Structure formats: structure tokens, C-alpha cells
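Colleague: Quick one: this structure, given as C-alpha cells, is what I'll be asking you about.
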Amino acid sequence: MRGGAIAILAWATVLLVLFIGNWIWDAKPVNAATAAFAAVVTYATGVALWLARREALRPGPPAPRSEPESVPQSSLAAVLIGLSVGTILFGLAWANFLVYFGAGILVLSLGRLVLELRSERATRRRLLGEEEPR
């Protein structure tokens, strides 16, 4: 992702400032060590993204692609996955039945997601196959 590491490095800088403030304000070393660890891990993540792809620090839009990109308009599976996860979490607090019901809906919706992805790939292959002879 072009420019993806910029936000992570900015967040790491905010954590560094909070670490310094915590270190000065609080005399307990555990609090400062926790804040320092958070800043170091976040900086390490940003640097790892930058080392993985040099575009991670370049702002602006990505280079244009020549191939078509499939963008779904709606997905029943995504809605059902969200509802099933919500049902499972609600069931953890109230009733075991909701956990089992949510898990069943989750399995069915993941199957529906597989069908949607297969259909998307077939449509993409058909589109690319029709556009090549032109």
C-alpha cells in the first residue's frame, strides 16, 4: 500500500511523546517500560513495512493499473458473518444457545462467501477472456 507506513510511524511518534510524558510524570518504571515497549513495537512495524515495500513512505495515489478490478456491490455473506459474530459475542454473555446458533450461521455464511468469491473469479475470467480479442 502506498503511504501505508506513514500513519503507523505517526502513531509511533505520538506513543513516543506519551512515553516521555509518562516517564517524567510517573515515578513507577513499569508504566514507562510499557509505554516504551508500545512505541518500539509500533516503530518496528512501520520500519518493517517500509523495508518490505519502499512505496510505504511515499504519499499519493498508487500507480494506475491496466487490468480491471472487481469491486462487489453487495455481499450477503459479509452481512451474515457480522451478524453471526455479534450473535456469538452476545451469546457469551447471555445464553449458550446463541453461541451455537451464531456458530452455525457463521459456518453457513462462510460457505456463502466461498460461493461469492468463486462467482467473482468466474466473472473476472469471463471479462478478461472477452476483452483480449478486441
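To be explicit about the labels: the chains of the C-alpha cells are called A, B, and onward in the order shown, and within each one the residues are counted from 1, while ligands get numbers from 1 in the order they are shown.
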Find the spatial neighbours of region 99-114 of chain A, counting only C-alpha atoms, within a cut-off of 8 Å - ignore same-chain residues fewer than 3 positions away - and output them as a PyMOL selection string.
Modeller: chain A and resi 76-78+80-81+83-92+95-96+117-118
Colleague: Take the residues just selected and output them with C-alpha atoms as a PDB file, in the first residue's frame.
Modeller:
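Result written to result_29.pdb:
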ATOM      1  CA  LEU A  76     -24.976 -11.240   1.821  1.00  0.00           C
ATOM      2  CA  ALA A  77     -22.142 -13.337   3.259  1.00  0.00           C
ATOM      3  CA  ALA A  78     -20.418 -10.299   4.787  1.00  0.00           C
ATOM      4  CA  LEU A  80     -24.286 -12.712   7.830  1.00  0.00           C
ATOM      5  CA  ILE A  81     -20.700 -13.059   9.087  1.00  0.00           C
ATOM      6  CA  LEU A  83     -24.400 -10.829  12.467  1.00  0.00           C
ATOM      7  CA  SER A  84     -23.135 -14.276  13.431  1.00  0.00           C
ATOM      8  CA  VAL A  85     -20.077 -12.883  15.207  1.00  0.00           C
ATOM      9  CA  GLY A  86     -22.342 -10.459  17.050  1.00  0.00           C
ATOM     10  CA  THR A  87     -24.664 -13.324  17.980  1.00  0.00           C
ATOM     11  CA  ILE A  88     -21.740 -15.380  19.285  1.00  0.00           C
ATOM     12  CA  LEU A  89     -20.453 -12.492  21.397  1.00  0.00           C
ATOM     13  CA  PHE A  90     -23.932 -11.751  22.709  1.00  0.00           C
ATOM     14  CA  GLY A  91     -24.358 -15.430  23.499  1.00  0.00           C
ATOM     15  CA  LEU A  92     -21.167 -15.449  25.566  1.00  0.00           C
ATOM     16  CA  ALA A  95     -27.081 -17.889  26.603  1.00  0.00           C
ATOM     17  CA  ASN A  96     -25.175 -20.843  25.182  1.00  0.00           C
ATOM     18  CA  LEU A 117     -15.641 -15.450  -4.366  1.00  0.00           C
ATOM     19  CA  ARG A 118     -15.892 -18.250  -6.929  1.00  0.00           C
TER      20      ARG A 118
END
Colleague: Using only C-alpha atoms, which residues sit within 12 Å of Pro61 (chain A) once same-chain residues fewer than 6 positions away are excluded, as a list in words?
Modeller: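 After dropping sequence-adjacent residues, the list is Met1, Arg2, Gly3, Gly4 and Glu55 of chain A.
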Colleague: Export, as a PDB file, in the first residue's frame, the selected residues with C-alpha atoms.
Modeller:
ATOM      1  CA  MET A   1       0.000   0.000   0.000  1.00  0.00           C
ATOM      2  CA  ARG A   2       1.439   3.324  -0.976  1.00  0.00           C
ATOM      3  CA  GLY A   3       1.913   5.572   2.046  1.00  0.00           C
ATOM      4  CA  GLY A   4       0.717   2.910   4.495  1.00  0.00           C
ATOM      5  CA  GLU A  55       6.379   2.692  -1.526  1.00  0.00           C
TER       6      GLU A  55
END
Colleague: What is the CA of Leu15 (chain A)-CA of Tyr43 (chain A) distance in Å, reported with one decimal?
Modeller: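 CA of Tyr43 (chain A) lies at a distance of 9.4 Å from CA of Leu15 (chain A).
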Colleague: For Val40 (chain A), list every protein, DNA or RNA residue within 10 Å, evaluated using only C-alpha atoms, and leave out those in the same chain fewer than 4 positions away; present the list as a list of chain:residue names.
Modeller: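 Residues meeting the cut-off are A:Ala12, A:Thr13, A:Leu15, A:Leu16, A:Thr34, A:Ala35, A:Ala36, A:Ala44, A:Thr45, A:Gly46.
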Colleague: Which residues come within 10 Å of region 122-130 of chain A, counting only C-alpha atoms, excluding same-chain residues fewer than 5 positions away, as a list in words?
Modeller: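 Counting only C-alpha atoms, the residues come to Glu67, Pro68, Glu69, Ser70, Glu116 and Leu117 of chain A.
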Colleague: My list of candidates is A:Ala38, A:Ile8, A:Leu57, A:Leu115. Which is closest to Ser75 (chain A) when distances are computed with only C-alpha atoms?
Modeller: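 Checking each candidate against Ser75 (chain A), we get A:Leu115 as the closest.
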Colleague: Taking into account only C-alpha atoms, which residue in the set A:Ala5, A:Val30, A:Leu98, A:Val14 is nearest to Ala48 (chain A)?
Modeller: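 When distances to Ala48 (chain A) are compared using only C-alpha atoms, the smallest one comes from A:Ala5.
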Colleague: Record the distance separating CA of Arg53 (chain A) and CA of Ala7 (chain A), expressed in Å with one decimal.
Modeller: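 Those two atoms sit 15.1 Å apart.
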Colleague: Pick out each residue of chain A that DSSP on the backbone tags as helix (DSSP H, G or I); I need them as a PyMOL selection string.
Modeller: chain A and resi 4-25+29-52+54-57+76-93+96-131
Colleague: Rank nothing, just name the residue among A:Ala39, A:Val71, A:Ala93, A:Leu51 nearest to Ala10 (chain A), using only C-alpha atoms.
Modeller: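 Checking each candidate against Ala10 (chain A), we get A:Ala39 as the closest.
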Colleague: Give me, as a list in words, all polymer residues having an atom no more than 9 Å from Asn31 (chain A), counting only C-alpha atoms and skipping those fewer than 5 positions away in the same chain.
Modeller: Phe19, Asn22, Trp23, Asp26 and Ala36 of chain A
Colleague: Restricting the output to all heavy atoms, write the selected residues as a compact mmCIF listing (two decimals), in the first residue's frame.
Modeller:
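Output file selection01.txt is given in full below:
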# COMPACT_ATOMS: atom_id res chain seq x y z
N PHE A 19 5.10 8.33 25.94
CA PHE A 19 6.08 7.63 26.77
C PHE A 19 6.95 8.62 27.54
O PHE A 19 7.17 8.47 28.74
CB PHE A 19 6.95 6.73 25.90
CG PHE A 19 8.30 6.44 26.50
CD1 PHE A 19 8.42 5.70 27.67
CD2 PHE A 19 9.45 6.91 25.89
CE1 PHE A 19 9.67 5.44 28.22
CE2 PHE A 19 10.70 6.65 26.44
CZ PHE A 19 10.81 5.91 27.61
N ASN A 22 4.92 10.16 30.25
CA ASN A 22 4.68 9.18 31.31
C ASN A 22 5.94 8.97 32.14
O ASN A 22 5.87 8.81 33.36
CB ASN A 22 4.21 7.86 30.69
CG ASN A 22 3.66 6.90 31.72
OD1 ASN A 22 3.53 7.23 32.88
ND2 ASN A 22 3.35 5.71 31.27
N TRP A 23 7.08 8.95 31.51
CA TRP A 23 8.35 8.75 32.20
C TRP A 23 8.63 9.91 33.15
O TRP A 23 9.08 9.73 34.28
CB TRP A 23 9.45 8.62 31.16
CG TRP A 23 10.80 8.26 31.69
CD1 TRP A 23 11.11 7.61 32.84
CD2 TRP A 23 12.04 8.53 31.06
NE1 TRP A 23 12.46 7.45 32.95
CE2 TRP A 23 13.06 8.02 31.86
CE3 TRP A 23 12.39 9.15 29.86
CZ2 TRP A 23 14.39 8.12 31.52
CZ3 TRP A 23 13.72 9.24 29.52
CH2 TRP A 23 14.71 8.73 30.35
N ASP A 26 5.33 9.97 35.98
CA ASP A 26 5.13 8.85 36.90
C ASP A 26 6.47 8.27 37.31
O ASP A 26 7.33 8.01 36.48
CB ASP A 26 4.29 7.77 36.22
CG ASP A 26 3.72 6.78 37.20
OD1 ASP A 26 3.86 6.97 38.40
OD2 ASP A 26 3.12 5.79 36.73
N ALA A 36 7.13 2.53 26.58
CA ALA A 36 8.30 2.42 25.70
C ALA A 36 8.18 1.20 24.80
O ALA A 36 8.50 1.26 23.60
CB ALA A 36 9.57 2.34 26.53
